[in-house]
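Reviewing the structure listed below.
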Amino acid sequence: MSWGTDQQGYGQNDAYGNNHGYGYGYEYGQQPYPQEPYPQQYVEYGQVGHGQQEYATPDVNDTKETALPEPESQPEPDLPPKAQKPAGRDRYFDALRAVALVRVVTYHTFGWAWAGMVFPSMGVMFALAGTLMAKSLERPALKVIRSRIRRLLPPFWFWGFFVIVAMMVHDWMPGWQIVFWIVPLGDPPGNAWGQQAWEILWYLRTYLWFVLLSPVLLRAFRLAPVAVLLLSLAPIVVFHNFWEPPDNRFGSALTDLATFLFCWMLGFAHREGVLQRLKPALVVLFSLAAIGFGGWYAFTHQAETGSYDLDDIPLAQAFWSAGFVTLLMYAKAHFEIDFAWLTRFKRLDRIVTIFNARAVTLYLWHEIALVLAVPLIDQFWNIPAFEKYLPLESQWFMFGVGWILIAVFILLCGWVEDVAGKKKPKLLP
């Protein structure tokens with residue numbers, strides 16, 4: 001996809017909304033995981049990202065894990081003392097994933113270029129996913145990979161069936177590339193009519209590749225943790241300055257992997273206890289330097305993309321996300337933040353729970369919800385009272401209607417995630 005496509009808010013240039021450019025412009029939640037009552041105390045995640053979000057599901061007898069977002073398991077006895085905590089769900093990571101998903105929907109509604117700088121959702125979710133993946137790999141790698149793929153694909157297939165049928169109704173006929181609608185190792189094909197729906201699949205594709213590569217990445221990381229973590233920024237620098245990946249599925253996959261490789265490896269660093277051993281001054285210095293470089297590059301290269309939107313500038317995205325997410329993960333490791341207080345606010349805690357357990361559903365269906373909000377609001381104009389008293393022209397109104405439709409999709413389609421995780425289907429976790 002083009003790196004320079006302008007991002008615009010809904011209802012400005014077309015009936016559906018934003019025209020998103022470069023592949024990772026759409027953010028994914030991570031995959032949800034089975035929910036359980038939260039104990040009074042919480043432990044750090046042992047893996048992931050997006051719940052999605054975000055996301056792969058465990059076998060019935062496996063330690064709970066989710067394809068994109070996942071809950072954390074028991075800490076290992078050989079971890080540093082700071083990592084030793086009672087078992088349970090870590091609401092800090094749950095809250096980060098929920099905020100990431102809200103930011104994704106907000107960005108896809110309004111197209112604010114600054115949204116990615118305020119909170120780089122994709123970097124956060126890949127870091128959470130890396131943490132959970134490192135924990136899962138304490139078990140046999142093939143079993144872990146199979147489990148995650150099983151959790152990821154059924155919700156994708158269910159959603160894809162409706163998207164494919166809709167595109168075929170609108171004069172699209174797939175070729176052999178239909179295989180990418182079965183296993184999204186490359187960007188699935190589609191027509192312009194359904195582009196806003198299928199463009200977000202870059203996230204599943206990138207997540208799936210990270211899952212497949214994790215056994216090798218984790219082994220390399222353990223050889224020299226800090227050095228390998230820093231070197232994980234090298235691929236995006238090489239791609240930007242020395243060799244530009246081809247403009248095809250392979251090139252898009254390479255670029256997205258390079259862009260978020262540091263965040264994924266940062267998840268490993270958190271799980272392995274590496275962050276706890278780093279000096280605060282060095283971590284803060286690196287983070288501010290990375291954020292500064294990413295921001296400087298984005299603002300000084302707007303002519304190339306027409307915007308400072310990080311989603312259009314891979315190099316800036318990689319460094320800004322690296323610095324921002326490092327601060328979030330280090331704060332967790334150094335200050336042992338767990339957000340246990342969240343359970344005192346039952347409604348908010350419930351929303352965070354649902355977002356994490358239905359991250360894949362929320363991510364996949366949110367664009368369709370926003371698309372459907374447009375013709376639905378058009379019908380409101382035919383009702384005099386609505387036309388008079390409701391702000392039908394406001395994007396904020398569409399944002400609200402979009403969330404109502406997202407809630408409907410969670411109720412109607414979220415059960416697929418339960419089935420994928422070999423759980424009893426439920427309307428809500």
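As shown in the structure tokens, the chain order sets the letters A, B, ...; within each chain, residues go from 1, and ligands are also counted from 1 in the order they appear.
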
Write down as a ChimeraX atom specification the residues belonging to stretch 82-322 of chain A that are assigned helix (DSSP H, G or I) by DSSP computed on the backbone. /A:82-83,91-110,115-118,121-136,141-169,176-181,192-223,225-231,234-241,249-271,275-277,280-300,302-305,310-312,314-322

Write out as a tab-separated table the residues of stretch 211-309 of chain A that have any atom within 12 Å of an atom of stretch 138-148 of chain A, one row each with the nearest atom pair and its distance in Å to one decimal, counting only C-alpha atoms, sorted by chain and then rising number.
```
residue	atom	partner	partner_atom	distance
A:Val211	CA	A:Ile145	CA	6.5
A:Leu212	CA	A:Ile145	CA	6.6
A:Leu213	CA	A:Ile145	CA	9.6
A:Ser214	CA	A:Ala141	CA	8.7
A:Pro215	CA	A:Ala141	CA	6.4
A:Val216	CA	A:Ala141	CA	9.9
A:Leu217	CA	A:Ala141	CA	12.0
A:Leu218	CA	A:Glu138	CA	10.7
A:Arg219	CA	A:Ala141	CA	11.4
A:Arg271	CA	A:Glu138	CA	11.1
A:Glu272	CA	A:Glu138	CA	11.2
```

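Nearest residue to A:Gly292, choosing from A:Leu96, A:Leu278, A:Met117, A:Leu266 and counting only C-alpha atoms: A:Met117.
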
For stretch 187-197 of chain A: contacts at 7 Å, only C-alpha atoms, fewer than 2 positions along chain excluded, given as a list in words: Met167, Trp172, Gln177, Ile178, Phe180, Trp181, Pro184, Leu185, Glu199, Ile200, Leu201, Trp202, Arg205, Arg249, Glu367 and Ile368 of chain A

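One distance worth recording is that between atom CA of A:Val325 and atom CA of A:Ala127, which is 7.5 Å.
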